[in-house]
Amino acid sequence: MIYGSAWSPAVWTLPSHVSMLTGYEVREHDIRSSADAIDPEAVVFRELAESAGYSTGVFSENMW
């Protein structure tokens with residue numbers, strides 16, 4: 001598959017990754033610096049594990 005365009009929810013990595021992992025827009029999660037935090041239960045992996053029966057996990061070198 002070839003994509004003609006791709007969009008990021010934010011202009012830098014931290015808020016973009018939070019959007020990908022939670023499903024929330026940047027204005028909804030409002031994570032804009034490494035000092036900000038989200039509820040660890042508010043990630044898409046929790047929903048996939050509980051309601052759809054998936055085994056989930058994340059491996060990342062990103063310190064955030």
# chains A, B, ... in the order shown; residues from 1 in each chain; ligands from 1

$ residues_around --residues "region 44-56 of chain A" --least-positions-apart "6" --cutoff "12 Å" --atoms "only C-alpha atoms" --output "PDB file with all heavy atoms, in the first residue's frame"
ATOM      1  N   HIS A  17       3.052  10.796  20.159  1.00  0.00           N
ATOM      2  CA  HIS A  17       3.024   9.442  20.711  1.00  0.00           C
ATOM      3  C   HIS A  17       1.893   9.274  21.714  1.00  0.00           C
ATOM      4  O   HIS A  17       1.226   8.227  21.727  1.00  0.00           O
ATOM      5  CB  HIS A  17       4.361   9.100  21.368  1.00  0.00           C
ATOM      6  CG  HIS A  17       5.401   8.698  20.389  1.00  0.00           C
ATOM      7  ND1 HIS A  17       6.676   8.350  20.765  1.00  0.00           N
ATOM      8  CD2 HIS A  17       5.375   8.589  19.046  1.00  0.00           C
ATOM      9  CE1 HIS A  17       7.383   8.036  19.696  1.00  0.00           C
ATOM     10  NE2 HIS A  17       6.608   8.180  18.645  1.00  0.00           N
ATOM     11  N   VAL A  18       1.652  10.282  22.538  1.00  0.00           N
ATOM     12  CA  VAL A  18       0.549  10.197  23.492  1.00  0.00           C
ATOM     13  C   VAL A  18      -0.771  10.049  22.737  1.00  0.00           C
ATOM     14  O   VAL A  18      -1.628   9.249  23.124  1.00  0.00           O
ATOM     15  CB  VAL A  18       0.523  11.412  24.443  1.00  0.00           C
ATOM     16  CG1 VAL A  18      -0.717  11.392  25.330  1.00  0.00           C
ATOM     17  CG2 VAL A  18       1.782  11.444  25.309  1.00  0.00           C
ATOM     18  N   SER A  19      -0.937  10.772  21.652  1.00  0.00           N
ATOM     19  CA  SER A  19      -2.156  10.636  20.849  1.00  0.00           C
ATOM     20  C   SER A  19      -2.287   9.239  20.270  1.00  0.00           C
ATOM     21  O   SER A  19      -3.366   8.647  20.281  1.00  0.00           O
ATOM     22  CB  SER A  19      -2.184  11.668  19.723  1.00  0.00           C
ATOM     23  OG  SER A  19      -2.401  12.955  20.244  1.00  0.00           O
ATOM     24  N   MET A  20      -1.187   8.676  19.776  1.00  0.00           N
ATOM     25  CA  MET A  20      -1.235   7.329  19.211  1.00  0.00           C
ATOM     26  C   MET A  20      -1.555   6.283  20.272  1.00  0.00           C
ATOM     27  O   MET A  20      -2.256   5.312  20.001  1.00  0.00           O
ATOM     28  CB  MET A  20       0.098   6.981  18.544  1.00  0.00           C
ATOM     29  CG  MET A  20       0.334   7.720  17.252  1.00  0.00           C
ATOM     30  SD  MET A  20       1.810   7.150  16.374  1.00  0.00           S
ATOM     31  CE  MET A  20       3.127   7.676  17.446  1.00  0.00           C
ATOM     32  N   LEU A  21      -1.040   6.469  21.473  1.00  0.00           N
ATOM     33  CA  LEU A  21      -1.213   5.468  22.523  1.00  0.00           C
ATOM     34  C   LEU A  21      -2.527   5.591  23.287  1.00  0.00           C
ATOM     35  O   LEU A  21      -2.944   4.651  23.956  1.00  0.00           O
ATOM     36  CB  LEU A  21      -0.042   5.530  23.499  1.00  0.00           C
ATOM     37  CG  LEU A  21       1.327   5.223  22.881  1.00  0.00           C
ATOM     38  CD1 LEU A  21       2.425   5.424  23.910  1.00  0.00           C
ATOM     39  CD2 LEU A  21       1.372   3.818  22.310  1.00  0.00           C
ATOM     40  N   THR A  22      -3.167   6.745  23.203  1.00  0.00           N
ATOM     41  CA  THR A  22      -4.416   6.938  23.937  1.00  0.00           C
ATOM     42  C   THR A  22      -5.633   7.051  23.025  1.00  0.00           C
ATOM     43  O   THR A  22      -6.754   6.809  23.454  1.00  0.00           O
ATOM     44  CB  THR A  22      -4.383   8.208  24.798  1.00  0.00           C
ATOM     45  OG1 THR A  22      -4.250   9.354  23.949  1.00  0.00           O
ATOM     46  CG2 THR A  22      -3.258   8.175  25.816  1.00  0.00           C
ATOM     47  N   GLY A  23      -5.417   7.488  21.786  1.00  0.00           N
ATOM     48  CA  GLY A  23      -6.540   7.741  20.897  1.00  0.00           C
ATOM     49  C   GLY A  23      -7.126   9.135  21.077  1.00  0.00           C
ATOM     50  O   GLY A  23      -8.091   9.503  20.429  1.00  0.00           O
ATOM     51  N   TYR A  24      -6.522   9.932  21.959  1.00  0.00           N
ATOM     52  CA  TYR A  24      -6.997  11.294  22.207  1.00  0.00           C
ATOM     53  C   TYR A  24      -6.266  12.292  21.327  1.00  0.00           C
ATOM     54  O   TYR A  24      -5.086  12.124  21.016  1.00  0.00           O
ATOM     55  CB  TYR A  24      -6.765  11.711  23.661  1.00  0.00           C
ATOM     56  CG  TYR A  24      -7.541  10.922  24.674  1.00  0.00           C
ATOM     57  CD1 TYR A  24      -6.904  10.328  25.751  1.00  0.00           C
ATOM     58  CD2 TYR A  24      -8.918  10.765  24.568  1.00  0.00           C
ATOM     59  CE1 TYR A  24      -7.612   9.600  26.693  1.00  0.00           C
ATOM     60  CE2 TYR A  24      -9.636  10.046  25.505  1.00  0.00           C
ATOM     61  CZ  TYR A  24      -8.976   9.469  26.558  1.00  0.00           C
ATOM     62  OH  TYR A  24      -9.681   8.754  27.479  1.00  0.00           O
TER      63      TYR A  24
END

$ select_by_dssp --residues "chain A" --states "alpha helix (DSSP H)" --output "NGL selection string"
:A and (13-22 or 26-29 or 44-52)

$ atom_distance --atom1 "CA of Val43 (chain A)" --atom2 "CA of Met1 (chain A)"
27.5 Å

$ residues_around --residues "Arg32 (chain A)" --least-positions-apart "3" --cutoff "10 Å" --atoms "only C-alpha atoms" --output "PyMOL selection string"
chain A and resi 10+12-16+18+26-27+29+35-37

$ write_last_selection --atoms "C-alpha atoms" --output "mmCIF file, in the first residue's frame"
data_model
loop_
_atom_site.group_PDB
_atom_site.id
_atom_site.type_symbol
_atom_site.label_atom_id
_atom_site.label_comp_id
_atom_site.auth_asym_id
_atom_site.auth_seq_id
_atom_site.Cartn_x
_atom_site.Cartn_y
_atom_site.Cartn_z
ATOM 1 C CA ALA A 10 1.366 17.288 16.762
ATOM 2 C CA TRP A 12 6.830 16.906 17.771
ATOM 3 C CA THR A 13 7.191 13.363 19.115
ATOM 4 C CA LEU A 14 5.935 13.479 22.701
ATOM 5 C CA PRO A 15 2.362 14.690 22.137
ATOM 6 C CA SER A 16 2.146 12.666 18.903
ATOM 7 C CA VAL A 18 0.549 10.197 23.492
ATOM 8 C CA VAL A 26 -3.551 16.687 21.672
ATOM 9 C CA ARG A 27 -6.125 19.190 22.916
ATOM 10 C CA HIS A 29 -4.759 14.917 26.591
ATOM 11 C CA ALA A 35 6.734 17.211 33.109
ATOM 12 C CA ASP A 36 3.133 16.381 32.071
ATOM 13 C CA ALA A 37 1.618 12.957 32.740
#
